[in-house]
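Listing of upload25.pdb, PDB, C-alpha atoms
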MODEL        1
ATOM      1  CA  MET A   1     -61.444  26.433 -19.066
ATOM      2  CA  THR A   2     -58.448  26.650 -21.375
ATOM      3  CA  SER A   3     -54.990  28.022 -20.762
ATOM      4  CA  PHE A   4     -53.750  30.403 -23.437
ATOM      5  CA  GLN A   5     -51.590  33.460 -23.952
ATOM      6  CA  CYS A   6     -52.304  36.713 -25.724
ATOM      7  CA  ASP A   7     -51.281  37.050 -29.362
ATOM      8  CA  LEU A   8     -48.398  39.418 -28.651
ATOM      9  CA  CYS A   9     -46.875  37.207 -25.931
ATOM     10  CA  VAL A  10     -47.030  34.138 -28.149
ATOM     11  CA  PHE A  11     -45.467  36.089 -31.023
ATOM     12  CA  ARG A  12     -42.587  37.129 -28.774
ATOM     13  CA  ASN A  13     -42.131  33.573 -27.519
ATOM     14  CA  LEU A  14     -41.919  32.206 -31.060
ATOM     15  CA  THR A  15     -39.797  34.895 -32.715
ATOM     16  CA  GLY A  16     -37.978  36.644 -29.878
ATOM     17  CA  ARG A  17     -39.123  40.081 -31.044
ATOM     18  CA  ASN A  18     -42.140  42.311 -31.513
ATOM     19  CA  PRO A  19     -44.146  42.108 -34.760
ATOM     20  CA  ILE A  20     -43.102  44.440 -37.540
ATOM     21  CA  GLU A  21     -45.859  46.749 -38.710
ATOM     22  CA  HIS A  22     -47.057  46.167 -42.312
ATOM     23  CA  SER A  23     -45.071  42.919 -42.539
ATOM     24  CA  PRO A  24     -47.144  40.286 -44.417
ATOM     25  CA  ARG A  25     -45.259  37.429 -42.763
ATOM     26  CA  ASP A  26     -45.779  38.817 -39.259
ATOM     27  CA  ARG A  27     -49.435  39.509 -40.001
ATOM     28  CA  LEU A  28     -49.921  35.916 -41.151
ATOM     29  CA  LEU A  29     -48.267  34.621 -37.984
ATOM     30  CA  GLN A  30     -50.504  36.806 -35.827
ATOM     31  CA  CYS A  31     -53.582  35.497 -37.640
ATOM     32  CA  CYS A  32     -52.440  31.921 -37.027
ATOM     33  CA  ILE A  33     -51.890  32.640 -33.327
ATOM     34  CA  ARG A  34     -55.388  34.100 -33.017
ATOM     35  CA  ARG A  35     -56.819  31.062 -34.818
ATOM     36  CA  CYS A  36     -54.979  28.730 -32.410
ATOM     37  CA  ASN A  37     -56.443  30.484 -29.390
ATOM     38  CA  LEU A  38     -59.964  30.467 -30.827
ATOM     39  CA  ASP A  39     -59.766  26.766 -31.694
ATOM     40  CA  ALA A  40     -58.481  25.992 -28.193
ATOM     41  CA  LEU A  41     -61.348  27.936 -26.624
ATOM     42  CA  TRP A  42     -63.855  26.018 -28.741
ATOM     43  CA  GLY A  43     -62.273  22.744 -27.654
ATOM     44  CA  ARG A  44     -64.661  22.654 -24.691
ATOM     45  CA  GLU A  45     -68.430  22.465 -24.691
ATOM     46  CA  ARG A  46     -70.203  25.731 -23.969
ATOM     47  CA  ALA A  47     -72.187  24.186 -21.107
ATOM     48  CA  THR A  48     -68.976  22.956 -19.455
ATOM     49  CA  VAL A  49     -67.351  26.381 -19.661
ATOM     50  CA  ASP A  50     -70.464  28.053 -18.273
ATOM     51  CA  ALA A  51     -70.607  25.578 -15.386
ATOM     52  CA  ASN A  52     -66.948  26.305 -14.549
ATOM     53  CA  ARG A  53     -67.627  30.040 -14.632
ATOM     54  CA  ARG A  54     -70.565  29.726 -12.249
ATOM     55  CA  GLY A  55     -68.518  27.486  -9.969
ATOM     56  CA  VAL A  56     -65.673  30.012  -9.669
ATOM     57  CA  HIS A  57     -68.126  32.846  -8.989
ATOM     58  CA  LYS A  58     -69.720  30.726  -6.274
ATOM     59  CA  LEU A  59     -66.336  30.086  -4.687
ATOM     60  CA  LEU A  60     -65.601  33.818  -4.552
ATOM     61  CA  GLU A  61     -69.037  34.502  -3.102
ATOM     62  CA  LEU A  62     -68.672  31.913  -0.331
ATOM     63  CA  TRP A  63     -65.122  32.971   0.526
ATOM     64  CA  LYS A  64     -66.199  36.602   0.772
ATOM     65  CA  LYS A  65     -68.991  35.639   3.167
ATOM     66  CA  VAL A  66     -66.522  34.352   5.774
ATOM     67  CA  GLY A  67     -63.618  36.688   4.978
ATOM     68  CA  ILE A  68     -61.325  34.186   3.241
ATOM     69  CA  ILE A  69     -58.705  35.717   0.959
ATOM     70  CA  PRO A  70     -59.246  34.118  -2.495
ATOM     71  CA  ASN A  71     -56.690  31.367  -3.034
ATOM     72  CA  LEU A  72     -56.876  31.015  -6.805
ATOM     73  CA  PRO A  73     -53.977  29.744  -8.951
ATOM     74  CA  ARG A  74     -52.071  32.307 -10.999
ATOM     75  CA  LEU A  75     -53.084  32.540 -14.648
ATOM     76  CA  GLY A  76     -49.765  34.043 -15.685
ATOM     77  CA  PRO A  77     -47.297  35.232 -16.708
ATOM     78  CA  TYR A  78     -45.928  32.289 -18.654
ATOM     79  CA  PRO A  79     -42.201  31.695 -19.274
ATOM     80  CA  VAL A  80     -40.769  33.259 -22.414
ATOM     81  CA  GLU A  81     -40.708  30.027 -24.414
ATOM     82  CA  ASP A  82     -43.138  27.813 -26.263
ATOM     83  CA  LYS A  83     -44.190  25.223 -23.682
ATOM     84  CA  LEU A  84     -47.778  24.833 -24.927
ATOM     85  CA  GLY A  85     -47.090  23.752 -28.509
ATOM     86  CA  TYR A  86     -48.091  26.897 -30.406
ATOM     87  CA  SER A  87     -45.391  26.387 -33.043
ATOM     88  CA  VAL A  88     -46.677  22.928 -34.033
ATOM     89  CA  ALA A  89     -50.285  24.138 -33.924
ATOM     90  CA  ILE A  90     -49.419  26.993 -36.291
ATOM     91  CA  ALA A  91     -47.677  24.566 -38.655
ATOM     92  CA  MET A  92     -50.841  22.447 -38.709
ATOM     93  CA  LEU A  93     -52.949  25.490 -39.575
ATOM     94  CA  LEU A  94     -50.594  26.490 -42.393
ATOM     95  CA  LYS A  95     -50.623  22.961 -43.791
ATOM     96  CA  SER A  96     -54.422  22.973 -43.765
ATOM     97  CA  LEU A  97     -54.320  25.834 -46.290
ATOM     98  CA  GLU A  98     -52.619  23.611 -48.864
ATOM     99  CA  GLU A  99     -54.733  21.949 -51.534
ATOM    100  CA  GLY A 100     -56.092  18.571 -50.503
ATOM    101  CA  LYS A 101     -57.119  15.460 -52.364
ATOM    102  CA  TYR A 102     -60.870  15.924 -52.046
ATOM    103  CA  ALA A 103     -61.136  19.648 -51.287
ATOM    104  CA  SER A 104     -59.289  22.941 -51.611
ATOM    105  CA  TYR A 105     -57.729  22.402 -48.166
ATOM    106  CA  GLN A 106     -56.040  19.584 -46.239
ATOM    107  CA  GLN A 107     -58.207  17.416 -43.996
ATOM    108  CA  PHE A 108     -57.620  17.307 -40.231
ATOM    109  CA  GLU A 109     -56.530  13.665 -40.393
ATOM    110  CA  VAL A 110     -53.716  14.786 -42.710
ATOM    111  CA  ILE A 111     -52.480  17.829 -40.799
ATOM    112  CA  ARG A 112     -52.452  16.029 -37.440
ATOM    113  CA  SER A 113     -49.553  13.915 -38.710
ATOM    114  CA  LEU A 114     -47.308  16.926 -37.943
ATOM    115  CA  ARG A 115     -48.146  16.497 -34.276
ATOM    116  CA  SER A 116     -47.126  12.851 -34.387
ATOM    117  CA  SER A 117     -43.872  13.719 -36.162
ATOM    118  CA  PHE A 118     -42.937  16.326 -33.558
ATOM    119  CA  SER A 119     -43.907  14.043 -30.652
ATOM    120  CA  ASN A 120     -41.718  11.236 -31.992
ATOM    121  CA  LEU A 121     -38.855  13.681 -32.525
ATOM    122  CA  TYR A 122     -39.231  14.968 -28.958
ATOM    123  CA  LEU A 123     -39.159  11.454 -27.515
ATOM    124  CA  ALA A 124     -35.990  10.732 -29.483
ATOM    125  CA  SER A 125     -34.276  13.912 -28.276
ATOM    126  CA  MET A 126     -32.063  14.269 -25.225
ATOM    127  CA  GLU A 127     -34.659  16.354 -23.402
ATOM    128  CA  GLY A 128     -37.425  13.881 -24.161
ATOM    129  CA  ALA A 129     -35.332  10.898 -23.115
ATOM    130  CA  TYR A 130     -34.500  12.426 -19.717
ATOM    131  CA  CYS A 131     -38.032  13.665 -19.024
ATOM    132  CA  GLN A 132     -39.826  10.381 -19.734
ATOM    133  CA  ARG A 133     -41.381   8.617 -16.776
ATOM    134  CA  LEU A 134     -42.923   5.161 -16.862
ATOM    135  CA  VAL A 135     -46.050   4.244 -14.923
ATOM    136  CA  GLY A 136     -47.327   0.676 -14.823
ATOM    137  CA  ARG A 137     -45.971  -2.806 -14.837
ATOM    138  CA  ASP A 138     -45.927  -5.989 -16.919
ATOM    139  CA  THR A 139     -47.836  -5.444 -20.173
ATOM    140  CA  THR A 140     -49.666  -2.237 -19.180
ATOM    141  CA  LYS A 141     -47.397   0.807 -19.350
ATOM    142  CA  LEU A 142     -47.981   4.560 -19.504
ATOM    143  CA  PHE A 143     -45.257   7.023 -20.466
ATOM    144  CA  LEU A 144     -45.348  10.531 -18.996
ATOM    145  CA  THR A 145     -43.772  13.258 -21.091
ATOM    146  CA  GLU A 146     -43.307  17.032 -21.093
ATOM    147  CA  SER A 147     -43.707  17.346 -24.853
ATOM    148  CA  PRO A 148     -45.469  20.618 -25.804
ATOM    149  CA  THR A 149     -47.796  18.701 -28.137
ATOM    150  CA  GLN A 150     -49.153  16.768 -25.130
ATOM    151  CA  SER A 151     -50.126  19.888 -23.174
ATOM    152  CA  ILE A 152     -53.723  20.594 -22.156
ATOM    153  CA  PHE A 153     -53.737  23.617 -24.462
ATOM    154  CA  PHE A 154     -52.724  21.511 -27.453
ATOM    155  CA  GLU A 155     -55.392  18.920 -26.664
ATOM    156  CA  ARG A 156     -58.006  21.684 -26.599
ATOM    157  CA  PHE A 157     -56.633  23.166 -29.826
ATOM    158  CA  ALA A 158     -56.748  19.817 -31.645
ATOM    159  CA  THR A 159     -60.334  19.191 -30.516
ATOM    160  CA  GLY A 160     -61.492  22.675 -31.507
ATOM    161  CA  CYS A 161     -59.654  22.537 -34.837
ATOM    162  CA  LYS A 162     -61.280  19.226 -35.739
ATOM    163  CA  ARG A 163     -64.726  20.554 -34.825
ATOM    164  CA  ARG A 164     -64.218  23.662 -36.941
ATOM    165  CA  MET A 165     -62.822  21.869 -39.999
ATOM    166  CA  GLY A 166     -65.088  18.845 -39.839
ATOM    167  CA  GLN A 167     -64.108  15.475 -41.197
ATOM    168  CA  GLU A 168     -64.928  14.352 -44.720
ATOM    169  CA  VAL A 169     -65.021  10.580 -45.009
ATOM    170  CA  ARG A 170     -65.408   9.012 -48.447
ATOM    171  CA  GLN A 171     -66.249   5.373 -48.063
ATOM    172  CA  ASP A 172     -66.034   2.877 -50.881
ATOM    173  CA  LEU A 173     -69.246   2.732 -52.923
ATOM    174  CA  ALA A 174     -71.364  -0.391 -52.665
ATOM    175  CA  ILE A 175     -71.350  -2.808 -55.608
ATOM    176  CA  SER A 176     -74.519  -2.590 -57.696
ATOM    177  CA  LEU A 177     -76.781  -5.642 -58.157
ATOM    178  CA  GLU A 178     -75.847  -5.964 -61.814
ATOM    179  CA  VAL A 179     -72.145  -6.083 -61.029
ATOM    180  CA  MET A 180     -72.705  -8.501 -58.142
ATOM    181  CA  HIS A 181     -74.713 -10.865 -60.376
ATOM    182  CA  ALA A 182     -72.003 -10.768 -63.018
ATOM    183  CA  LEU A 183     -69.330 -11.544 -60.403
ATOM    184  CA  MET A 184     -71.331 -14.470 -59.044
ATOM    185  CA  GLN A 185     -71.785 -15.878 -62.528
ATOM    186  CA  GLU A 186     -68.045 -15.708 -63.145
ATOM    187  CA  LEU A 187     -67.374 -17.382 -59.790
ATOM    188  CA  GLU A 188     -69.840 -20.146 -60.586
ATOM    189  CA  LYS A 189     -68.161 -20.720 -63.941
ATOM    190  CA  ASP A 190     -64.736 -20.919 -62.291
ATOM    191  CA  CYS A 191     -66.010 -23.294 -59.608
ATOM    192  CA  GLY A 192     -67.747 -25.514 -62.190
ATOM    193  CA  LEU A 193     -64.660 -25.609 -64.359
ATOM    194  CA  GLY A 194     -62.495 -26.478 -61.380
ATOM    195  CA  ARG A 195     -64.737 -29.324 -60.271
ATOM    196  CA  ARG A 196     -64.901 -30.725 -63.820
ATOM    197  CA  ARG A 197     -61.120 -30.663 -64.120
ATOM    198  CA  LYS A 198     -60.793 -32.430 -60.779
ATOM    199  CA  ARG A 199     -63.137 -35.213 -61.885
ATOM    200  CA  GLU A 200     -61.294 -35.577 -65.187
ATOM    201  CA  SER A 201     -57.961 -35.874 -63.389
ATOM    202  CA  TRP A 202     -59.294 -38.787 -61.311
ATOM    203  CA  TRP A 203     -61.262 -40.459 -64.147
ATOM    204  CA  PRO A 204     -59.735 -43.919 -64.946
ATOM    205  CA  CYS A 205     -58.276 -44.278 -68.433
TER     206      CYS A 205
ENDMDL
END
Whole structure given in structure tokens:
Amino acid sequence: MTSFQCDLCVFRNLTGRNPIEHSPRDRLLQCCIRRCNLDALWGRERATVDANRRGVHKLLELWKKVGIIPNLPRLGPYPVEDKLGYSVAIAMLLKSLEEGKYASYQQFEVIRSLRSSFSNLYLASMEGAYCQRLVGRDTTKLFLTESPTQSIFFERFATGCKRRMGQEVRQDLAISLEVMHALMQELEKDCGLGRRRKRESWWPC
């Protein structure tokens, strides 16, 4: 399961107004919001989501059998502010549209740096400094934070975005046999020359 808000609610949270009809900028923002929600939903395996769905249905069935009023947590409404990290997620999506080094778009490993930048900025802010909590002792420490980029929604979005985009890794090519043989020959020459010079330096006059 993934927490998310509808496109219109997120738009209002981010801009403080309703979208303007026929506005290219507002249309682009709405498309980015929809993409964020879809990536977050695909951040979980289908089998896991299906198992959760069956489990909730079973709960309702068993409660109804004995007359228990369903005690399920509220799914909304959310506060009118961006507490889930939609703004940073949208910035990552927009950056992915820029031309990359190996493809016509930016790789996920590049766009995720925006998340790190925002997280570091949040920790350095007044709000982040007051909200930090430390768990642990000695050398093992864990910091708790309320940064929007550390929310469950953002974790799901990042996972789904990486799955959708994929990850192109270009490793260094192996050295061919011909080149390796040539390198070894040069090394042997250098080693032989060095040993000969050492003997000559110790040879009595």
If we count only C-alpha atoms and set the cut-off at 10 Å, which residues sit around Leu75 of chain A, ignoring sequence neighbours fewer than 3 positions away in its own chain? Please answer as number ranges by chain. A: 3-5, 72, 78
Which residues would end up in the selection if the PyMOL selection byres ((chain A and resi 10-23) around 12) were applied here, given that I need the answer as a PyMOL selection string? chain A and resi 4-9+24-34+36-37+77-90
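Atom CA of Pro148 of chain A is positioned 19.7 Å from atom CA of Val110 of chain A.
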Any idea what's packed within 10 Å of Arg44 of chain A, counting all atoms listed in the file, ignoring anything in its chain fewer than 5 positions away? Could you give it as a PyMOL selection string? chain A and resi 1-2+39+49+156-157+159-160
Restricting the calculation to all atoms listed in the file, which member of A:Trp63, A:Val56, A:Ile111, A:Glu186 is positioned closest to Glu99 of chain A?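 Closest residue, counting all atoms listed in the file: A:Ile111.
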Among the residues A:Ser104, A:Ile152, A:Met184, A:Ser147, the one that comes closest to Asn120 of chain A [using only C-alpha atoms]: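 Ranking A:Ser104, A:Ile152, A:Met184, A:Ser147 by distance to Asn120 of chain A, first place goes to A:Ser147.
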Step by step: start from the point (-65.8, 23.3, -32.9) in the file's coordinates, keep every protein, DNA or RNA residue that has an atom no farther than 10 Å from it, count all atoms listed in the file, and write the set as an MDAnalysis selection string. chainID A and resid 38:45 157:166
Gap from atom CA of Asp172 of chain A to atom CA of Leu97 of chain A - Å, one decimal: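 So the answer is 26.2 Å.
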